[in-house]
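Structure record follows, encoded as structure tokens.
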Amino acid sequence: LGYELEINSSYRDNREIVYNLNDVLGGLVHYEYDGSLNSGGFEIISEPMTIKAHMKYWKKYKKMFDLINTRGISPSTHGAGLHVHVSQSVLTEKYIRRLLYVMFVHREKFIAFARRSPNGYCEYPTVSELEGNLKMKLIPEDYDNSVKFFKAVYGLNTWKLGYGSHYLFVNMGGHHSSDTKAKCRTIEFRLFKSTTKYLDFMATLQLVDVLINCILTHPMKELVKMSFKDIVKSDY
């Protein structure tokens, strides 16, 4: 897992807080400017690691949010998001189909957890919209087998990993690495609102980790019987 935490600020020059954050986080993250943020905004971008590794650094992350809150920075304006990345090396097409099934069927639950409604930076169509595009009713088997389903979601004649709208709730063409020469191809979860709260931040990473584990270990015939509570059940 890796993350991009977008931060908006009324300060035009945030070099001081970036220096302070770097003293706390060191090589765990790097920082970038994003054109979707205001002039004082920036992104905190982590190195990829397991959820257990992220949790191991909880003291550093709490200090990170203490620094952000001390500066009076807010994530609530201009559509700032918390984007979570998962390596495509683990998620073959079969698992992507399961993932999209779960996220469409339980769309309202995921939106509530994400703490923001779909917007221009995070397009999240409803099942009804997909069915309207396809002019057919979708059943679980369509998510598991139908190329038409992916055409409806991504607007392609054939669906391939790494293509589709960058601004969909799940971006199939993500990249995540501090080394531009060795970018890791990822699936990027774009639906979550940014936060200045440690518990919201960690719960978001844990949700994505649990979701991935669920679709890796449960076939479609089991997923169709599972509630949202079953899917996100964990021992964290």
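In the structure tokens, chains take the letters A, B, ... in the order shown, each chain's residues start at 1, and ligands count up from 1 in the order shown.
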Residues at most 12 Å from Phe110 of chain A, counting only C-alpha atoms, excluding those fewer than 3 positions away in the same chain, as a ChimeraX atom specification?
-> /A:100,102-107,113-118,124,169-170,189-193,204,207-208,211,228-229,231-232
Could the residues in this selection be written to a file with N, CA and C atoms, as a short mmCIF file (atom, residue, chain, number, x, y, z; two decimals), in the first residue's frame?
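What landed in selection.cif:
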data_model
loop_
_atom_site.label_atom_id
_atom_site.label_comp_id
_atom_site.auth_asym_id
_atom_site.auth_seq_id
_atom_site.Cartn_x
_atom_site.Cartn_y
_atom_site.Cartn_z
N LEU A 100 -14.48 -4.50 -8.54
CA LEU A 100 -15.48 -3.58 -9.06
C LEU A 100 -16.89 -4.04 -8.70
N VAL A 102 -17.82 -5.63 -5.94
CA VAL A 102 -18.04 -5.26 -4.54
C VAL A 102 -18.25 -3.75 -4.40
N MET A 103 -17.46 -2.97 -5.12
CA MET A 103 -17.54 -1.52 -4.94
C MET A 103 -18.77 -0.90 -5.60
N PHE A 104 -19.30 -1.55 -6.65
CA PHE A 104 -20.54 -1.06 -7.23
C PHE A 104 -21.75 -1.50 -6.40
N VAL A 105 -21.77 -2.74 -5.98
CA VAL A 105 -22.91 -3.24 -5.22
C VAL A 105 -23.04 -2.53 -3.87
N HIS A 106 -21.92 -2.21 -3.26
CA HIS A 106 -21.93 -1.55 -1.94
C HIS A 106 -21.51 -0.08 -2.07
N ARG A 107 -21.87 0.53 -3.18
CA ARG A 107 -21.44 1.90 -3.50
C ARG A 107 -21.76 2.90 -2.39
N PHE A 113 -18.17 5.94 3.84
CA PHE A 113 -16.86 5.78 4.47
C PHE A 113 -15.87 6.80 3.91
N ALA A 114 -15.98 7.10 2.63
CA ALA A 114 -15.04 8.01 1.97
C ALA A 114 -15.18 9.45 2.46
N ARG A 115 -16.31 9.79 3.07
CA ARG A 115 -16.54 11.11 3.66
C ARG A 115 -16.70 12.21 2.61
N ARG A 116 -16.96 11.84 1.37
CA ARG A 116 -17.27 12.85 0.36
C ARG A 116 -18.08 12.21 -0.77
N SER A 117 -18.85 13.05 -1.46
CA SER A 117 -19.65 12.58 -2.58
C SER A 117 -18.80 12.52 -3.85
N PRO A 118 -19.20 11.72 -4.83
CA PRO A 118 -18.48 11.71 -6.11
C PRO A 118 -18.40 13.12 -6.70
N TYR A 124 -17.94 8.26 -9.76
CA TYR A 124 -18.36 6.97 -9.19
C TYR A 124 -19.77 6.68 -9.69
N PHE A 169 -13.34 6.51 -9.60
CA PHE A 169 -13.13 6.19 -8.20
C PHE A 169 -12.02 5.16 -8.01
N VAL A 170 -11.86 4.28 -9.00
CA VAL A 170 -10.72 3.37 -9.03
C VAL A 170 -10.01 3.59 -10.36
N PHE A 189 -7.10 4.10 -5.59
CA PHE A 189 -8.42 4.36 -5.01
C PHE A 189 -8.54 5.86 -4.75
N ARG A 190 -9.42 6.54 -5.50
CA ARG A 190 -9.49 7.99 -5.46
C ARG A 190 -10.71 8.53 -4.70
N LEU A 191 -11.52 7.65 -4.12
CA LEU A 191 -12.80 8.09 -3.58
C LEU A 191 -12.72 8.78 -2.22
N PHE A 192 -11.60 8.65 -1.51
CA PHE A 192 -11.56 9.11 -0.12
C PHE A 192 -11.22 10.60 -0.01
N LYS A 193 -11.90 11.26 0.91
CA LYS A 193 -11.60 12.66 1.22
C LYS A 193 -10.32 12.73 2.04
N THR A 204 -8.67 4.37 6.66
CA THR A 204 -8.76 4.32 5.20
C THR A 204 -7.77 3.31 4.63
N LEU A 207 -9.06 -0.15 5.46
CA LEU A 207 -10.20 -0.55 4.64
C LEU A 207 -9.73 -1.09 3.29
N VAL A 208 -8.83 -0.38 2.64
CA VAL A 208 -8.34 -0.83 1.34
C VAL A 208 -7.63 -2.17 1.48
N LEU A 211 -10.24 -4.87 1.98
CA LEU A 211 -10.97 -5.08 0.73
C LEU A 211 -10.16 -5.93 -0.25
N PHE A 228 -21.67 -5.73 3.39
CA PHE A 228 -20.54 -4.81 3.52
C PHE A 228 -19.78 -5.10 4.83
N LYS A 229 -20.52 -5.40 5.88
CA LYS A 229 -19.90 -5.71 7.17
C LYS A 229 -19.02 -6.95 7.06
N ILE A 231 -17.48 -7.97 4.37
CA ILE A 231 -16.34 -7.64 3.52
C ILE A 231 -15.26 -6.90 4.30
N VAL A 232 -15.66 -5.99 5.17
CA VAL A 232 -14.67 -5.14 5.85
C VAL A 232 -14.28 -5.67 7.23
#
Find the residues around Tyr19 of chain A up to 12 Å (only C-alpha atoms counted), leave out those fewer than 4 positions away in its own chain, and share them as an MDAnalysis selection string.
-> chainID A and resid 13:15 23:26 30:31 64 67
Atomic distance atom CA of Leu205 of chain A - atom CA of Ser46 of chain A, expressed in Å with one decimal = 11.9 Å
One-decimal distance in Å that lies between atom CA of Pro125 of chain A and atom CA of Ile7 of chain A =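 Answer for the atom CA of Ile7 of chain A to atom CA of Pro125 of chain A separation: 26.0 Å.
Minimum distance to Leu99 of chain A across A:Ser128, A:Ser234, A:Asn213, A:Asn119 (counting only C-alpha atoms) occurs at A:Asn213.
Backbone DSSP assigns strand (DSSP E or B) in segment 27-136 of chain A to Val29, His30, Tyr31, Glu32, Phe42, Glu43, Ile44, Ile45, Ser46, Ser74, Gly81, Leu82, His83, Val84, His85, Val86, Ser87, Asn119, Cys122 and Glu123 of chain A.
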At what distance in Å, to one decimal, does atom CA of Leu21 of chain A lie from atom CA of Tyr198 of chain A?
-> 14.6 Å
Tell me, as a ChimeraX atom specification, which residues lie within 10 Å of Leu28 of chain A, counting only C-alpha atoms; anything in the same chain fewer than 5 positions away does not count.
-> /A:22,44-49,54,57,60
Export all heavy atoms of the chosen residues as a CSV table (one decimal), in the first residue's frame?
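Written output follows (again_17.csv):
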chain,number,residue,atom,x,y,z
A,22,ASN,N,9.6,16.4,7.3
A,22,ASN,CA,10.7,15.6,6.9
A,22,ASN,C,11.5,15.2,8.0
A,22,ASN,O,12.1,14.1,8.1
A,22,ASN,CB,11.5,16.4,5.8
A,22,ASN,CG,12.4,15.4,5.0
A,22,ASN,OD1,12.0,14.5,4.4
A,22,ASN,ND2,13.7,15.7,5.1
A,44,ILE,N,1.6,14.7,0.4
A,44,ILE,CA,2.6,13.9,1.1
A,44,ILE,C,2.4,12.5,0.5
A,44,ILE,O,1.3,11.9,0.6
A,44,ILE,CB,2.2,13.8,2.6
A,44,ILE,CG1,2.3,15.3,3.2
A,44,ILE,CG2,3.2,12.9,3.4
A,44,ILE,CD1,1.8,15.4,4.6
A,45,ILE,N,3.5,12.0,-0.1
A,45,ILE,CA,3.4,10.7,-0.8
A,45,ILE,C,4.3,9.7,-0.2
A,45,ILE,O,5.5,9.9,-0.1
A,45,ILE,CB,3.8,10.9,-2.3
A,45,ILE,CG1,2.9,12.0,-2.9
A,45,ILE,CG2,3.7,9.6,-3.1
A,45,ILE,CD1,3.3,12.4,-4.3
A,46,SER,N,3.7,8.6,0.2
A,46,SER,CA,4.5,7.5,0.9
A,46,SER,C,5.2,6.6,0.0
A,46,SER,O,4.9,6.5,-1.2
A,46,SER,CB,3.5,6.7,1.8
A,46,SER,OG,2.9,5.7,1.0
A,47,GLU,N,6.2,5.9,0.6
A,47,GLU,CA,6.8,4.8,-0.1
A,47,GLU,C,5.8,3.6,0.1
A,47,GLU,O,5.1,3.5,1.1
A,47,GLU,CB,8.1,4.4,0.5
A,47,GLU,CG,9.2,5.5,0.2
A,47,GLU,CD,9.4,5.6,-1.3
A,47,GLU,OE1,9.6,4.6,-2.0
A,47,GLU,OE2,9.4,6.8,-1.8
A,48,PRO,N,5.7,2.7,-0.9
A,48,PRO,CA,4.8,1.5,-0.8
A,48,PRO,C,5.3,0.6,0.3
A,48,PRO,O,6.5,0.3,0.4
A,48,PRO,CB,4.9,0.9,-2.1
A,48,PRO,CG,6.1,1.3,-2.8
A,48,PRO,CD,6.4,2.7,-2.2
A,49,MET,N,4.4,0.1,1.1
A,49,MET,CA,4.7,-0.9,2.2
A,49,MET,C,3.5,-1.6,2.6
A,49,MET,O,2.4,-1.2,2.2
A,49,MET,CB,5.4,-0.2,3.4
A,49,MET,CG,4.5,0.9,4.1
A,49,MET,SD,5.4,1.8,5.3
A,49,MET,CE,6.3,3.0,4.4
A,54,HIS,N,2.9,0.3,7.8
A,54,HIS,CA,2.3,1.6,8.0
A,54,HIS,C,1.9,1.7,9.5
A,54,HIS,O,2.1,2.7,10.1
A,54,HIS,CB,1.1,1.8,7.1
A,54,HIS,CG,1.4,2.2,5.7
A,54,HIS,ND1,2.0,3.3,5.4
A,54,HIS,CD2,1.1,1.5,4.6
A,54,HIS,CE1,2.2,3.4,4.1
A,54,HIS,NE2,1.6,2.3,3.6
A,57,TYR,N,4.5,2.5,12.1
A,57,TYR,CA,4.9,3.9,12.2
A,57,TYR,C,3.9,4.9,12.7
A,57,TYR,O,3.9,6.1,12.5
A,57,TYR,CB,5.4,4.4,10.8
A,57,TYR,CG,6.6,3.7,10.3
A,57,TYR,CD1,6.5,2.9,9.1
A,57,TYR,CD2,7.8,3.8,10.9
A,57,TYR,CE1,7.6,2.2,8.6
A,57,TYR,CE2,8.9,3.2,10.4
A,57,TYR,CZ,8.8,2.4,9.3
A,57,TYR,OH,10.0,1.7,8.8
A,60,LYS,N,5.0,8.2,14.3
A,60,LYS,CA,5.4,9.2,13.3
A,60,LYS,C,4.2,9.8,12.6
A,60,LYS,O,4.2,11.0,12.3
A,60,LYS,CB,6.3,8.5,12.3
A,60,LYS,CG,7.7,8.1,12.8
A,60,LYS,CD,8.6,7.5,11.7
A,60,LYS,CE,9.9,7.1,12.2
A,60,LYS,NZ,10.8,8.3,12.5
Residue neighbourhood Arg71 of chain A, 9 Å, only C-alpha atoms, exclusion window fewer than 3 positions, as an NGL selection string = :A and (9 or 17 or 66-68)
